[in-house]
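> Encoded as structure tokens, here's the structure I'll be asking about.
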Amino acid sequence: MDGGRNILTGARPRGYVGRLAPSPTGALHLGNVRTFAIAWLRARACGGKVILRMEDLDHPRDKPGADLQALDDLRWLGFDWDEEHVQSHRRAFYRATLERLRPHAYPCVCSRRDVESAQSAPHACDQLYYPGTCRGRFAGWDEAAAACAPRTPCWRFRVPPKTEIVFSDKFHGLFRQDVSATLGDFPLARDPDGAGYTLAATADDLAMGVTEVVRGDDLLPATPSHILIARALGKTPPDYCHVPLVVGQDGRRLAKRHGDTRVSAFRTAGVTPEKIIGWVAWTCGWNDKNEPIGLSRLIGRSPLETIPDTAVVWNGSFG
Ligand code: GLU
């Protein structure tokens, strides 16, 4: 794969930059493969660049070896990429980014239970509304940390009143969220130095020049907060394309109870990469038949328009 380079000059066109961002909290499974296939094909179809970013900041939940296994599984499936980054090596950058965001941030000592009991209405997504209890309460992180020891505070983003974010998602269309009313001051990072998903992923997308974020639509309701962070950093956010997840027959996101959907388990069982990608292509409407096909054969034949707008149900076999 030439990664979209111009064969004569070796120069890379300025243009589309996409990313694959696995988290080593578990093994790569079918749902990840489908989302990553859509992301990779969108980049390769226009000669764009693909960044592989390992999102390994979730320490208690990260599984040893899952990062290398994910890379190996991706290569086995036919993915390639032009740059590779590991978030745990970028802590100094997150610290510096948090410093820049400090005028918008404050430490918060509320426990999850405190926040849950402050809910006045049922919340629309799994993010809780935060009424701003700790705004202006502490002079700094150390004072907050002393107040809630042995628990650790988190950093929250101060959302101005009447903050509504509207953006056009490439898959779901217009998305509108009154962040001040639905999320309130959302958590920016649970790490004192800012090294947590929300801050790190958003800052990395901007720093790495990502032009379009393709990811699962479970993250659609979190995206307005990412846009607010980008704006607070004085940057234009990337475009977003949130695609439906793969779920089990009970309609819930893929988990152990739906059987073993790890790529590594399929490999061990003798399933070919073409069989897995063929299933992905069929569920995305890129092929009428559920038949084996290599990932690179789908470049330029993988429109968003044919992808059903509801979750795909995994029925336990490739058929
Ligand atoms: N690392 C996240 C995951 O594996 C994806 C986050 C993102 O794409 O922004 O669920």
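Going by the structure tokens order, chains are called A, B, ..., each with residues numbered from 1, while ligands are numbered from 1 in the order shown.
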Quick one: DSSP alpha helix (DSSP H) residues in region 64-275 of chain A, as a VMD selection string?

chain A and resid 66 to 77 91 to 101 112 to 117 141 to 148 179 to 182 197 to 207 223 to 232 263 to 268 273 to 275

> Counting only C-alpha atoms, which residues of region 141-207 of chain A fall within 8 Å of region 242-247 of chain A, and what is the closest atom pair for each with its distance in Å at one decimal, ordered by chain and rising number, as JSON lines?


```
{"residue": "A:Asp169", "atom": "CA", "partner": "A:His242", "partner_atom": "CA", "distance": 6.9}
{"residue": "A:Lys170", "atom": "CA", "partner": "A:His242", "partner_atom": "CA", "distance": 7.3}
{"residue": "A:Phe171", "atom": "CA", "partner": "A:His242", "partner_atom": "CA", "distance": 5.9}
{"residue": "A:His172", "atom": "CA", "partner": "A:His242", "partner_atom": "CA", "distance": 6.8}
```

> Create the file for the chosen residues now, containing N, CA and C atoms and written as a tab-separated table (two decimals), in the first residue's frame.


```tsv
chain	number	residue	atom	x	y	z
A	169	ASP	N	-23.25	15.59	11.29
A	169	ASP	CA	-22.51	14.33	11.30
A	169	ASP	C	-22.63	13.71	9.90
A	170	LYS	N	-21.51	13.19	9.40
A	170	LYS	CA	-21.51	12.66	8.03
A	170	LYS	C	-22.46	11.48	7.87
A	171	PHE	N	-22.70	10.75	8.96
A	171	PHE	CA	-23.62	9.62	8.85
A	171	PHE	C	-25.00	9.96	9.38
A	172	HIS	N	-25.08	10.54	10.56
A	172	HIS	CA	-26.38	10.75	11.20
A	172	HIS	C	-27.03	12.08	10.85
```

> Give me, as a list in words, all polymer residues having an atom no more than 10 Å from Asp193 (chain A), counting only C-alpha atoms and skipping those fewer than 6 positions away in the same chain.

Arg91, Ala92, Phe93, Tyr94, Arg95, Ala96, Thr97, Leu98, Glu99, Cys154 and Trp155 of chain A

> Residues near Gly259 (chain A), anyone? I mean within 12 Å using only C-alpha atoms, not counting same-chain ones fewer than 3 positions away, as a VMD selection string.

chain A and resid 29 to 30 247 to 249 254 to 256 262 265 to 266 314 to 317

> Could you list the protein, DNA and RNA residues that have any atom within 10 Å of ligand 1, counting only C-alpha atoms and all ligand atoms, and write them as a ChimeraX atom specification?

/A:19-26,28,31-32,35-36,53-58,197-198,200-202,204-205,213-220,222-223,226,240,242

> Quick one: residues within 9 Å of Ser225 (chain A), only C-alpha atoms counted, chain neighbours fewer than 5 positions away excluded, as a PyMOL selection string?

chain A and resi 157+165+179+183+186+188+198+230

> Measure the distance from CA of Val50 (chain A) to CA of Asp82 (chain A) in Å and round it to one decimal.

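The value is 5.6 Å.
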
> Excluding Leu74 (chain A) and any residue of its chain fewer than 4 positions from it, enumerate the residues within 9 Å of it, using only C-alpha atoms, and give them as a list in words.

Leu28, Val33, Gln69, Ala70, Gly78, Phe79, Asp80 and Val263 of chain A

> Given the choices A:Ala37, A:Ile51, A:Cys108, A:Cys46, which gets closest to Val210 (chain A) if the distance is worked out from only C-alpha atoms?

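Closest to Val210 (chain A) of all the choices is A:Ile51.
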